[in-house]
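Participant: Sending over coords31.tsv (TSV, C-alpha atoms).
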chain	number	residue	atom	x	y	z
E	1	MET	CA	-7.49	11.23	-58.33
E	2	GLN	CA	-4.30	12.92	-57.06
E	3	GLU	CA	-2.14	10.59	-59.12
E	4	GLU	CA	-4.05	11.51	-62.30
E	5	VAL	CA	-3.58	15.24	-61.58
E	6	ARG	CA	0.18	14.74	-61.19
E	7	GLN	CA	0.40	12.81	-64.46
E	8	GLU	CA	-1.67	15.48	-66.24
E	9	ALA	CA	0.57	18.29	-64.95
E	10	VAL	CA	3.79	16.61	-66.12
E	11	ARG	CA	2.28	15.66	-69.51
E	12	ARG	CA	1.28	19.27	-70.20
E	13	TYR	CA	4.69	20.56	-69.08
E	14	LEU	CA	6.44	18.14	-71.47
E	15	ALA	CA	4.12	19.40	-74.24
E	16	ASP	CA	5.66	22.88	-73.71
E	17	GLU	CA	2.63	24.46	-72.09
E	18	LYS	CA	3.38	27.46	-69.94
E	19	PRO	CA	3.69	26.59	-66.23
E	20	LYS	CA	1.37	29.45	-65.22
E	21	ASP	CA	-1.41	27.99	-67.38
E	22	ILE	CA	-0.93	24.53	-65.88
E	23	LEU	CA	-0.98	25.90	-62.35
E	24	ARG	CA	-4.07	28.03	-63.01
E	25	ASP	CA	-6.07	25.12	-64.48
E	26	LEU	CA	-5.03	22.56	-61.86
E	27	LYS	CA	-5.06	25.01	-58.93
E	28	ARG	CA	-1.65	23.99	-57.69
E	29	SER	CA	1.51	25.81	-56.58
E	30	ARG	CA	4.76	26.21	-58.48
E	31	PRO	CA	6.81	24.14	-55.91
E	32	TRP	CA	4.24	21.34	-56.31
E	33	LEU	CA	4.67	21.29	-60.09
E	34	TYR	CA	8.48	21.17	-60.00
E	35	LYS	CA	8.43	18.51	-57.29
E	36	TRP	CA	6.55	16.12	-59.58
E	37	ILE	CA	8.62	17.04	-62.60
E	38	ALA	CA	11.72	16.10	-60.57
E	39	ARG	CA	10.06	12.85	-59.51
E	40	TYR	CA	9.27	12.07	-63.18
E	41	ARG	CA	12.87	12.72	-64.21
E	42	SER	CA	14.13	10.36	-61.48
E	43	GLY	CA	13.14	7.50	-63.78
E	44	GLY	CA	10.82	5.49	-61.52
E	45	ASP	CA	7.80	3.80	-63.10
E	46	ASP	CA	5.59	4.81	-60.17
E	47	TRP	CA	6.95	8.35	-59.82
E	48	TYR	CA	3.43	9.77	-59.44
E	49	VAL	CA	2.61	7.58	-56.37
E	50	SER	CA	2.90	9.21	-52.92
E	51	GLU	CA	5.69	7.92	-50.71
E	52	PRO	CA	4.75	6.78	-47.19
E	53	ARG	CA	5.16	9.56	-44.62
E	54	ALA	CA	5.78	7.31	-41.62
E	55	PRO	CA	9.42	7.21	-40.50
E	56	ARG	CA	11.33	4.25	-41.89
E	57	ARG	CA	12.67	3.50	-38.44
E	58	VAL	CA	10.68	4.06	-35.22
E	59	ALA	CA	12.78	5.25	-32.30
E	60	ASN	CA	12.47	3.21	-29.10
E	61	ARG	CA	10.23	0.63	-30.75
E	62	THR	CA	9.41	-2.24	-28.40
E	63	SER	CA	11.29	-5.36	-29.44
E	64	GLU	CA	9.43	-8.15	-31.17
E	65	ASP	CA	10.35	-10.52	-28.34
E	66	ILE	CA	8.71	-8.27	-25.73
E	67	GLU	CA	5.64	-7.81	-27.93
E	68	ALA	CA	5.35	-11.58	-28.29
E	69	LEU	CA	5.57	-12.00	-24.50
E	70	VAL	CA	2.84	-9.38	-23.99
E	71	VAL	CA	0.53	-11.08	-26.49
E	72	LYS	CA	1.24	-14.51	-25.01
E	73	ALA	CA	0.60	-13.27	-21.47
E	74	ARG	CA	-2.68	-11.65	-22.56
E	75	CYS	CA	-3.87	-14.86	-24.23
E	76	GLU	CA	-2.89	-16.96	-21.21
E	77	LEU	CA	-4.74	-14.62	-18.84
E	78	GLU	CA	-7.85	-14.71	-21.04
E	79	ASN	CA	-7.80	-18.51	-20.77
E	80	THR	CA	-7.23	-18.51	-17.00
E	81	LYS	CA	-10.31	-18.75	-14.85
E	82	TYR	CA	-10.94	-15.65	-12.69
E	83	ALA	CA	-7.85	-13.86	-14.02
E	84	GLN	CA	-7.83	-10.19	-14.95
E	85	ILE	CA	-6.51	-9.38	-18.39
E	86	GLY	CA	-5.58	-5.67	-18.28
E	87	ALA	CA	-2.18	-4.05	-18.75
E	88	ASN	CA	-1.32	-4.11	-15.04
E	89	ALA	CA	-2.12	-7.82	-14.82
E	90	ILE	CA	0.08	-8.46	-17.87
E	91	LYS	CA	2.93	-6.42	-16.40
E	92	TRP	CA	2.73	-8.34	-13.13
E	93	ARG	CA	2.78	-11.65	-15.04
E	94	LEU	CA	5.87	-10.58	-17.03
E	95	LYS	CA	7.61	-9.63	-13.80
E	96	LYS	CA	6.83	-13.06	-12.33
E	97	LEU	CA	8.32	-14.62	-15.49
E	98	GLY	CA	11.62	-12.99	-14.62
E	99	LEU	CA	11.73	-9.80	-16.71
E	100	THR	CA	13.88	-7.19	-15.01
E	101	ASP	CA	12.53	-3.70	-14.31
E	102	ASP	CA	14.54	-2.15	-17.15
E	103	LYS	CA	12.90	-4.51	-19.66
E	104	LEU	CA	9.36	-4.40	-18.32
E	105	PRO	CA	7.20	-2.36	-20.75
E	106	GLU	CA	5.16	0.49	-19.29
E	107	VAL	CA	1.39	0.20	-18.95
E	108	TRP	CA	0.72	2.51	-21.91
E	109	THR	CA	3.11	0.47	-24.08
E	110	ILE	CA	1.28	-2.73	-23.17
E	111	ASN	CA	-2.04	-1.06	-24.01
E	112	ARG	CA	-0.72	-0.02	-27.44
E	113	ILE	CA	0.50	-3.56	-28.14
E	114	ILE	CA	-2.88	-4.96	-27.10
E	115	ALA	CA	-4.67	-2.52	-29.41
E	116	ARG	CA	-2.27	-3.18	-32.31
E	117	TYR	CA	-2.97	-6.91	-32.16
E	118	GLY	CA	-6.73	-6.42	-31.91
E	119	LEU	CA	-6.98	-7.77	-28.35
E	120	LYS	CA	-8.65	-4.76	-26.72
E	121	ARG	CA	-12.12	-5.06	-25.19
E	122	ARG	CA	-14.56	-2.23	-24.55
E	123	LYS	CA	-16.59	-1.94	-21.35
E	124	ARG	CA	-20.12	-0.65	-21.16
E	125	ALA	CA	-20.43	2.56	-19.18
E	126	TYR	CA	-22.17	2.18	-15.83
E	127	GLU	CA	-25.18	4.40	-15.21
E	128	SER	CA	-26.03	4.96	-11.58
E	129	LYS	CA	-29.73	4.90	-10.66
E	130	ALA	CA	-29.30	5.17	-6.89
E	131	LYS	CA	-30.92	7.66	-4.53
E	132	PRO	CA	-28.79	10.56	-3.19
E	133	TYR	CA	-26.00	8.98	-1.16
E	134	PRO	CA	-24.07	10.84	1.59
E	135	LYS	CA	-20.51	10.27	0.41
E	136	VAL	CA	-17.59	11.57	2.45
E	137	ALA	CA	-15.53	14.06	0.44
E	138	ALA	CA	-11.86	13.19	-0.04
E	139	HIS	CA	-9.49	15.74	-1.61
E	140	LEU	CA	-6.08	15.07	-0.04
E	141	PRO	CA	-4.08	11.90	0.59
E	142	ASN	CA	-5.40	10.05	3.65
E	143	ASP	CA	-8.64	12.00	3.82
E	144	LEU	CA	-10.42	8.66	3.45
E	145	HIS	CA	-9.31	5.04	3.55
E	146	GLN	CA	-11.46	2.12	2.47
E	147	ALA	CA	-10.75	-1.17	4.27
E	148	ASP	CA	-12.13	-4.64	3.67
E	149	VAL	CA	-11.47	-8.21	4.73
E	150	VAL	CA	-10.93	-10.80	2.00
E	151	GLY	CA	-11.41	-14.44	2.84
E	152	PRO	CA	-11.30	-17.01	3.96
E	153	ARG	CA	-8.75	-18.23	1.41
E	154	TYR	CA	-6.72	-21.39	1.67
E	155	LEU	CA	-3.09	-22.25	1.06
E	156	LYS	CA	-2.28	-25.36	-0.95
E	157	VAL	CA	-1.78	-27.28	2.30
E	158	GLY	CA	-5.28	-26.38	3.47
E	159	VAL	CA	-4.32	-23.61	5.91
E	160	ARG	CA	-6.96	-20.90	6.14
E	161	PHE	CA	-6.11	-17.19	6.10
E	162	TYR	CA	-7.63	-13.76	5.47
E	163	SER	CA	-6.31	-10.45	4.19
E	164	LEU	CA	-7.20	-6.99	5.44
E	165	ASN	CA	-6.69	-4.71	2.45
E	166	VAL	CA	-6.67	-0.92	2.87
E	167	LEU	CA	-6.77	1.70	0.09
E	168	ASP	CA	-6.30	5.48	0.21
E	169	LEU	CA	-9.06	6.89	-1.94
E	170	VAL	CA	-7.16	9.93	-3.28
E	171	THR	CA	-3.84	8.29	-4.25
E	172	HIS	CA	-4.94	4.62	-4.59
E	173	ARG	CA	-2.00	3.54	-2.43
E	174	VAL	CA	-2.76	0.19	-0.81
E	175	ALA	CA	-1.66	-1.86	2.19
E	176	VAL	CA	-2.03	-5.65	2.04
E	177	ASN	CA	-2.13	-7.52	5.36
E	178	PRO	CA	-2.48	-11.33	5.40
E	179	ILE	CA	-3.77	-12.52	8.78
E	180	GLU	CA	-4.36	-16.02	10.12
E	181	SER	CA	-7.52	-15.13	12.05
E	182	LYS	CA	-10.39	-12.70	11.57
E	183	ASN	CA	-10.78	-11.85	15.26
E	184	ASP	CA	-10.92	-8.23	16.34
E	185	ALA	CA	-7.34	-8.17	17.68
E	186	SER	CA	-5.91	-9.41	14.36
E	187	LEU	CA	-7.94	-6.87	12.40
E	188	ALA	CA	-6.99	-3.98	14.69
E	189	HIS	CA	-3.32	-4.95	14.50
E	190	ALA	CA	-3.51	-5.17	10.68
E	191	LEU	CA	-5.21	-1.77	10.53
E	192	PHE	CA	-2.45	-0.21	12.63
E	193	ALA	CA	0.16	-1.90	10.42
E	194	SER	CA	-1.51	-0.36	7.35
E	195	TRP	CA	-1.46	3.12	8.87
E	196	SER	CA	2.21	2.75	9.76
E	197	ARG	CA	2.89	2.42	6.02
E	198	LEU	CA	0.19	4.62	4.47
E	199	GLY	CA	-0.08	7.27	7.17
E	200	LEU	CA	-3.03	8.05	9.42
E	201	PRO	CA	-6.37	8.88	7.70
E	202	ARG	CA	-9.14	11.22	8.79
E	203	TYR	CA	-11.77	8.57	8.04
E	204	VAL	CA	-11.72	4.83	7.45
E	205	GLN	CA	-14.73	3.28	5.70
E	206	LEU	CA	-15.74	-0.25	6.76
E	207	ASP	CA	-18.51	-2.77	6.21
E	208	ASN	CA	-20.70	-4.10	9.01
E	209	GLN	CA	-19.20	-7.49	9.81
E	210	GLN	CA	-19.20	-8.22	13.51
E	211	ALA	CA	-15.41	-8.45	13.88
E	212	LEU	CA	-15.13	-4.80	12.80
E	213	ARG	CA	-17.98	-3.30	14.83
E	214	GLY	CA	-18.34	-5.45	17.95
E	215	ALA	CA	-20.79	-7.91	19.47
E	216	ASN	CA	-24.54	-7.61	18.88
E	217	ARG	CA	-25.19	-8.31	22.55
E	218	TYR	CA	-23.43	-5.13	23.66
E	219	PRO	CA	-24.02	-2.66	20.83
E	220	ARG	CA	-22.80	0.43	22.73
E	221	SER	CA	-19.59	-1.12	24.00
E	222	PHE	CA	-17.87	-0.84	20.60
E	223	GLY	CA	-15.48	-3.49	19.30
E	224	LEU	CA	-11.69	-3.26	19.50
E	225	VAL	CA	-11.39	-1.92	15.93
E	226	ILE	CA	-13.70	1.03	16.67
E	227	ARG	CA	-11.93	1.75	19.95
E	228	CYS	CA	-8.52	1.74	18.26
E	229	CYS	CA	-9.79	4.07	15.52
E	230	LEU	CA	-11.13	6.55	18.08
E	231	ASN	CA	-7.96	6.45	20.18
E	232	ALA	CA	-5.89	7.13	17.04
E	233	GLY	CA	-8.10	10.11	16.12
E	234	VAL	CA	-9.69	8.35	13.12
E	235	THR	CA	-13.43	8.41	12.45
E	236	PRO	CA	-14.77	5.00	11.38
E	237	ILE	CA	-17.58	5.10	8.83
E	238	PHE	CA	-19.84	2.07	8.38
E	239	ILE	CA	-21.47	1.72	4.98
E	240	PRO	CA	-25.13	0.61	4.61
E	241	ILE	CA	-25.88	-2.96	5.59
E	242	SER	CA	-25.65	-5.43	2.65
E	243	GLU	CA	-24.32	-2.79	0.23
E	244	PRO	CA	-20.64	-3.72	-0.35
E	245	TRP	CA	-20.58	-1.66	-3.57
E	246	ARG	CA	-20.42	1.46	-1.39
E	247	ASN	CA	-16.71	0.65	-1.04
E	248	PRO	CA	-16.09	0.39	-4.81
E	249	GLU	CA	-12.37	1.19	-4.96
E	250	ILE	CA	-11.30	-1.38	-2.37
E	251	GLU	CA	-13.68	-3.94	-3.88
E	252	ARG	CA	-11.99	-3.46	-7.27
E	253	PHE	CA	-8.57	-3.78	-5.67
E	254	ASN	CA	-9.68	-6.96	-3.87
E	255	ASP	CA	-10.55	-8.35	-7.29
E	256	VAL	CA	-7.04	-7.49	-8.52
E	257	TRP	CA	-5.51	-9.03	-5.37
E	258	ASP	CA	-7.50	-12.22	-5.85
E	259	LYS	CA	-7.07	-12.72	-9.58
E	260	VAL	CA	-3.63	-11.25	-10.23
E	261	PHE	CA	-1.84	-12.06	-6.98
E	262	PHE	CA	-3.39	-14.97	-5.12
E	263	ARG	CA	-4.76	-17.20	-7.88
E	264	THR	CA	-1.68	-16.97	-10.09
E	265	GLN	CA	0.77	-18.40	-7.53
E	266	HIS	CA	1.15	-21.40	-5.25
E	267	PHE	CA	1.77	-20.76	-1.56
E	268	ASP	CA	2.71	-23.62	0.75
E	269	ARG	CA	3.46	-21.55	3.85
E	270	PHE	CA	1.85	-18.53	5.44
E	271	ASP	CA	5.18	-16.72	5.92
E	272	LEU	CA	5.93	-17.04	2.18
E	273	LEU	CA	2.49	-15.60	1.42
E	274	CYS	CA	3.22	-12.63	3.68
E	275	THR	CA	6.57	-11.99	1.99
E	276	GLU	CA	5.08	-12.10	-1.49
E	277	ALA	CA	2.15	-9.92	-0.40
E	278	SER	CA	4.66	-7.21	0.54
E	279	VAL	CA	6.26	-7.52	-2.90
E	280	PHE	CA	2.85	-7.21	-4.57
E	281	GLU	CA	1.91	-4.19	-2.43
E	282	ALA	CA	5.13	-2.38	-3.39
E	283	PHE	CA	4.71	-3.30	-7.06
E	284	HIS	CA	1.15	-1.97	-7.09
E	285	ASN	CA	2.00	1.33	-5.40
E	286	GLU	CA	5.02	1.98	-7.64
E	287	ASN	CA	3.77	0.64	-11.00
E	288	HIS	CA	-0.02	0.49	-11.36
E	289	ARG	CA	-1.34	3.47	-13.30
E	290	TYR	CA	-4.89	4.75	-12.91
E	291	SER	CA	-6.91	6.91	-15.27
E	292	ALA	CA	-8.44	8.51	-12.16
E	293	LEU	CA	-4.91	9.71	-11.33
E	294	SER	CA	-4.29	11.04	-14.87
E	295	GLY	CA	-2.06	8.08	-15.60
E	296	LYS	CA	0.08	8.43	-12.46
E	297	THR	CA	1.05	5.59	-10.17
E	298	PRO	CA	-0.15	5.80	-6.54
E	299	GLN	CA	3.33	6.80	-5.38
E	300	GLU	CA	3.60	9.46	-8.08
E	301	ALA	CA	0.18	10.82	-7.09
E	302	LEU	CA	1.33	11.12	-3.48
E	303	GLN	CA	4.53	12.94	-4.49
E	304	ALA	CA	2.63	15.27	-6.84
E	305	SER	CA	0.23	16.24	-4.04
E	306	GLY	CA	3.05	17.61	-1.89
E	307	HIS	CA	1.06	16.41	1.13
E	308	THR	CA	2.83	15.52	4.38
E	309	LEU	CA	1.45	12.33	5.88
E	310	ASN	CA	0.22	12.26	9.45
E	311	ARG	CA	1.91	9.34	11.17
E	312	LEU	CA	0.37	7.04	13.77
E	313	ASP	CA	1.16	8.12	17.32
E	314	THR	CA	3.47	5.54	18.86
E	315	GLN	CA	1.66	6.01	22.21
E	316	VAL	CA	-1.52	4.52	20.74
E	317	SER	CA	-1.71	0.74	20.91
E	318	LEU	CA	-4.24	-2.06	20.99
E	319	LEU	CA	-4.07	-1.86	24.78
E	320	SER	CA	-5.08	1.81	24.88
E	321	GLY	CA	-8.01	2.46	27.18
E	322	ALA	CA	-11.61	3.20	26.31
E	323	PRO	CA	-11.97	6.28	24.08
E	324	THR	CA	-13.27	9.51	25.61
E	325	SER	CA	-13.77	11.54	22.42
E	326	GLY	CA	-14.23	11.23	18.68
E	327	THR	CA	-17.09	10.27	16.38
E	328	VAL	CA	-18.45	7.13	14.72
E	329	LYS	CA	-20.53	7.45	11.55
E	330	LEU	CA	-23.05	5.00	10.12
E	331	ILE	CA	-24.79	5.40	6.75
E	332	ARG	CA	-28.12	3.60	6.63
E	333	PHE	CA	-30.97	3.15	4.16
E	334	ILE	CA	-34.32	3.54	5.92
E	335	ARG	CA	-36.93	1.06	4.75
E	336	SER	CA	-40.71	1.10	5.06
E	337	ASP	CA	-40.71	0.35	8.82
E	338	GLY	CA	-38.73	3.56	9.51
E	339	LYS	CA	-36.18	1.71	11.67
E	340	LEU	CA	-32.57	2.88	12.04
E	341	ASP	CA	-30.10	0.07	12.82
E	342	ILE	CA	-27.14	1.12	14.98
E	343	PHE	CA	-25.01	-1.97	15.63
E	344	SER	CA	-28.16	-4.16	15.98
E	345	GLU	CA	-29.93	-1.59	18.18
E	346	ARG	CA	-32.97	-0.13	16.42
E	347	PHE	CA	-34.43	3.38	16.64
E	348	GLN	CA	-37.71	4.64	15.15
E	349	LEU	CA	-37.39	7.56	12.73
E	350	ASP	CA	-39.93	9.90	11.17
E	351	LYS	CA	-41.68	8.66	8.04
E	352	SER	CA	-40.23	11.58	6.06
E	353	VAL	CA	-36.92	9.69	5.70
E	354	VAL	CA	-38.42	6.36	4.60
E	355	TYR	CA	-36.62	5.08	1.47
E	356	GLU	CA	-33.81	7.60	1.97
E	357	TYR	CA	-30.18	7.34	3.07
E	358	VAL	CA	-29.34	8.93	6.42
E	359	THR	CA	-26.09	9.53	8.28
E	360	ALA	CA	-26.08	8.68	11.98
E	361	THR	CA	-23.16	10.18	13.94
E	362	ILE	CA	-22.27	9.04	17.44
E	363	TYR	CA	-20.48	11.77	19.45
E	364	VAL	CA	-18.53	9.93	22.13
E	365	LYS	CA	-17.74	12.78	24.53
E	366	GLU	CA	-21.27	14.22	24.33
E	367	GLN	CA	-22.87	10.72	24.37
E	368	ARG	CA	-25.25	11.81	21.66
E	369	LEU	CA	-26.52	10.32	18.39
E	370	ILE	CA	-27.46	12.82	15.66
E	371	VAL	CA	-29.22	11.67	12.48
E	372	ASP	CA	-29.32	13.79	9.33
E	373	CYS	CA	-30.65	13.30	5.81
E	374	GLN	CA	-29.23	15.26	2.88
E	375	GLY	CA	-27.69	17.79	5.25
E	376	GLN	CA	-30.85	18.34	7.32
E	377	GLU	CA	-30.97	17.16	10.93
E	378	VAL	CA	-33.69	14.57	11.49
E	379	THR	CA	-33.38	13.82	15.20
E	380	THR	CA	-31.04	13.84	18.21
E	381	ILE	CA	-30.95	10.85	20.58
E	382	ASP	CA	-29.28	10.47	23.97
E	383	TYR	CA	-26.70	7.71	23.54
E	384	LYS	CA	-25.22	6.68	26.87
E	385	LEU	CA	-21.92	4.81	26.66
E	386	PRO	CA	-21.18	2.25	29.42
E	387	TRP	CA	-17.62	3.43	30.23
E	388	LEU	CA	-18.40	7.14	30.54
Could you render the structure from this file as structure tokens?

Facilitator:
Amino acid sequence: MQEEVRQEAVRRYLADEKPKDILRDLKRSRPWLYKWIARYRSGGDDWYVSEPRAPRRVANRTSEDIEALVVKARCELENTKYAQIGANAIKWRLKKLGLTDDKLPEVWTINRIIARYGLKRRKRAYESKAKPYPKVAAHLPNDLHQADVVGPRYLKVGVRFYSLNVLDLVTHRVAVNPIESKNDASLAHALFASWSRLGLPRYVQLDNQQALRGANRYPRSFGLVIRCCLNAGVTPIFIPISEPWRNPEIERFNDVWDKVFFRTQHFDRFDLLCTEASVFEAFHNENHRYSALSGKTPQEALQASGHTLNRLDTQVSLLSGAPTSGTVKLIRFIRSDGKLDIFSERFQLDKSVVYEYVTATIYVKEQRLIVDCQGQEVTTIDYKLPWL
């Protein structure tokens, strides 16, 4: 349609019609008319066809070789069992292929290449249908850490190992700690090692495995991990039993650790695994970009916060004595029997909280257990501790 209007305007001008009549009938401007007259006089057969507006040369265009590597890496990851296929996984794979940092494309560049080649997949939005859940608010770096044990995994020579992974909820900084045993001393040592790198949190959120909480036979004695948390001034929070999705961020990172780091490489020795785990941890914290962080990397999010990290007191160690203060929190879903499980010890609650989530807080110094539901206190229980 536009091409016909241009041809009509020039034809009428060449027939000696007055320009003001042409412009009035076609509802166009004088510069428009003389532009197409000039194009006609240039002699081209397709003078009336619009020229492309895109720049002939794109500044900083990613090289074809890099684009080919990105596409190849994406296709290889899609054909690799258990592997993740996102931009961060592709960037990690390119780094392992030997690309130097100055040649590694940024995450947003990889995403554009993926979209340009029609390789992007869309995820269905998740709709939560859960009951009100008492989440702990986290606004500043190290307000809340999520920690989880991955394993057992096995090296190619059959050696078993685990990994205690810790994530700061606000900045998504992580600490990766391969350990040869899942006993309480190894876990407590790995937790302290994480805090030496990430800084000391206000809360650390854990699941209910025995190595983290202590023996069922002595439920009020607390395991070494809980004791170390309390001595360091950290409140441990135990998520509901059999609900690992209550630690969603660390669970997602564990998936990245497993599919991007562990399953894409061959490790023959535990010390080599530990070395490479440190490399992966640093790469994640400096390069992975999260939409939850407005596209920032974890390290950039920490710097942007301007927050000063609280460091672990060097006087606190695994050999520190029994704690005399602090709190331990447990989030529990109360079923039809009305029973509250506190480290295998069970307490009867009022029927008003059946099928609701409650928060049980143990106050060490006061030797008291207070249970609340949606901000309302349900009951207070004397909770004598054997060392006080």

Participant: Using only C-alpha atoms, determine which residues lie at most 12 Å from Gln303 in chain E, disregarding the query and same-chain residues fewer than 3 positions distant; provide the list as a PyMOL selection string.

Facilitator: chain E and resi 140-141+171+173+285-286+296-300+306-309

Participant: Take the point (-22.6, -6.6, 6.5) as written in the file and pick out every residue within 10 Å of it, counting all atoms listed in the file; give the list as a PyMOL selection string.

Facilitator: chain E and resi 206-210+212+238-244

Participant: Can you tell me how far CA of Glu366 in chain E sits from CA of Ile381 in chain E, in Å to one decimal?

Facilitator: 10.9 Å

Participant: Which polymer residues, whether protein, DNA or RNA, lie within 10 Å of the coordinate (-37.4, 8.5, 5.1) when you count all atoms listed in the file? List them as an MDAnalysis selection string, using the chain letters and numbers from the file.

Facilitator: chainID E and resid 333:339 349:358 373 378

Participant: Contacts of range 106-110 of chain E at 7 Å or less, counting all atoms listed in the file, minus same-chain residues fewer than 6 places along, as an MDAnalysis selection string?

Facilitator: chainID E and resid 70 87:88

Participant: Using all atoms listed in the file, which residues sit within 10 Å of Ala292 in chain E once same-chain residues fewer than 2 positions away are excluded, as a ChimeraX atom specification?

Facilitator: /E:170-172,289-290,294-296

Participant: Hey, can you check how far CA of Ala322 in chain E sits from CA of Thr361 in chain E?

Facilitator: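 Here the two named atoms are 18.3 Å from each other.
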
Participant: Near His189 in chain E, within 9 Å and counting all atoms listed in the file, which residues show up once chain neighbours fewer than 3 positions away are dropped, as a PyMOL selection string?

Facilitator: chain E and resi 184-186+192-194+225+317-318

Participant: By how many Å are CA of Val260 in chain E and CA of Ala188 in chain E apart?

Facilitator: 26.2 Å

Participant: Taking into account only C-alpha atoms, which residue in the set E:Asn111, E:Asn247, E:Arg74, E:Ala68 is nearest to Ala147 in chain E?

Facilitator: E:Asn247

Participant: Give the answer as one residue: which of E:Arg220, E:Arg112, E:Lys329, E:Arg28 has the shortest atom-to-atom distance to Ala9 in chain E, using all atoms listed in the file?

Facilitator: E:Arg28

Participant: Name the closest residue to Phe267 in chain E among the candidates E:Gly214, E:Gly199, E:Gly158, E:Gly98; distances are taken between atoms, counting all atoms listed in the file.

Facilitator: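 Closest to Phe267 in chain E of all the choices is E:Gly158.
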
Participant: Identify which of the residues E:Ile179, E:Leu330, E:Val174, E:Ala73 lies closest to His145 in chain E, counting all atoms listed in the file when measuring atom-to-atom distances.

Facilitator: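 Of all the options, E:Val174 lies closest to His145 in chain E.
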
Participant: Using only C-alpha atoms, which of E:His284, E:Asn142, E:Arg11, E:Glu3 sits nearest Lys91 in chain E?

Facilitator: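 So, comparing all the options, the nearest one is E:His284.
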
Participant: For Pro323 in chain E, work out the shell of residues within 10 Å, counting all atoms listed in the file and skipping chain neighbours fewer than 2 positions away, then give it as a list of chain:residue names.

Facilitator: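 Residues near the query, excluding close chain neighbours: E:Phe222, E:Ile226, E:Arg227, E:Cys228, E:Cys229, E:Leu230, E:Asn231, E:Ala232, E:Gly233, E:Ser320, E:Gly321, E:Ser325, E:Gly326, E:Val364, E:Lys365, E:Trp387, E:Leu388.
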
Participant: Those selected residues, please, written with C-alpha atoms and delivered as a short mmCIF file (atom, residue, chain, number, x, y, z; two decimals), in the coordinates of the input.

Facilitator:
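The resulting file, part-v1.cif, is reproduced below:
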data_model
loop_
_atom_site.label_atom_id
_atom_site.label_comp_id
_atom_site.auth_asym_id
_atom_site.auth_seq_id
_atom_site.Cartn_x
_atom_site.Cartn_y
_atom_site.Cartn_z
CA PHE E 222 -17.87 -0.84 20.60
CA ILE E 226 -13.70 1.03 16.67
CA ARG E 227 -11.93 1.75 19.95
CA CYS E 228 -8.52 1.74 18.26
CA CYS E 229 -9.79 4.07 15.52
CA LEU E 230 -11.13 6.55 18.08
CA ASN E 231 -7.96 6.45 20.18
CA ALA E 232 -5.89 7.13 17.04
CA GLY E 233 -8.10 10.11 16.12
CA SER E 320 -5.08 1.81 24.88
CA GLY E 321 -8.01 2.46 27.18
CA SER E 325 -13.77 11.54 22.42
CA GLY E 326 -14.23 11.23 18.68
CA VAL E 364 -18.53 9.93 22.13
CA LYS E 365 -17.74 12.78 24.53
CA TRP E 387 -17.62 3.43 30.23
CA LEU E 388 -18.40 7.14 30.54
#

Participant: Find the nearest atom pair between each residue of range 153-202 of chain E and range 270-273 of chain E for residues within 10 Å, count all atoms listed in the file, give distances in Å to one decimal, sort rows by chain and ascending number, and present the table as a Markdown table.

Facilitator:
| residue | atom | partner | partner_atom | distance |
| --- | --- | --- | --- | --- |
| E:Tyr154 | CA | E:Phe270 | CA | 9.8 |
| E:Leu155 | CA | E:Phe270 | CA | 7.6 |
| E:Val157 | CA | E:Phe270 | CA | 10.0 |
| E:Val159 | CA | E:Phe270 | CA | 8.0 |
| E:Arg160 | CA | E:Phe270 | CA | 9.2 |
| E:Phe161 | CA | E:Phe270 | CA | 8.1 |
| E:Pro178 | CA | E:Leu273 | CA | 7.7 |
| E:Ile179 | CA | E:Phe270 | CA | 8.9 |
| E:Glu180 | CA | E:Phe270 | CA | 8.2 |

Participant: Which one of E:Tyr162, E:Ser196, E:Gln146, E:Leu97 sits closest to Ser181 in chain E if you count only C-alpha atoms?

Facilitator: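 Nearest candidate to Ser181 in chain E out of E:Tyr162, E:Ser196, E:Gln146, E:Leu97: E:Tyr162.
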
Participant: Take range 143-150 of chain E from the block and save it with N, CA and C atoms, as a short mmCIF file (atom, residue, chain, number, x, y, z; two decimals), in the first residue's frame.

Facilitator:
data_model
loop_
_atom_site.label_atom_id
_atom_site.label_comp_id
_atom_site.auth_asym_id
_atom_site.auth_seq_id
_atom_site.Cartn_x
_atom_site.Cartn_y
_atom_site.Cartn_z
N ASP E 143 21.02 -12.80 56.58
CA ASP E 143 19.87 -12.95 57.47
C ASP E 143 19.51 -14.42 57.61
N LEU E 144 19.57 -15.15 56.49
CA LEU E 144 19.15 -16.55 56.49
C LEU E 144 19.99 -17.36 55.52
N HIS E 145 20.59 -18.43 56.01
CA HIS E 145 21.25 -19.41 55.16
C HIS E 145 20.38 -20.66 55.07
N GLN E 146 20.40 -21.30 53.91
CA GLN E 146 19.83 -22.63 53.76
C GLN E 146 20.98 -23.61 53.55
N ALA E 147 20.97 -24.71 54.29
CA ALA E 147 22.05 -25.70 54.20
C ALA E 147 21.46 -27.08 53.96
N ASP E 148 22.15 -27.88 53.16
CA ASP E 148 21.65 -29.22 52.87
C ASP E 148 22.82 -30.13 52.53
N VAL E 149 22.64 -31.41 52.82
CA VAL E 149 23.66 -32.41 52.54
C VAL E 149 23.29 -33.16 51.28
N VAL E 150 24.19 -33.20 50.31
CA VAL E 150 23.99 -33.95 49.08
C VAL E 150 24.79 -35.25 49.19
#
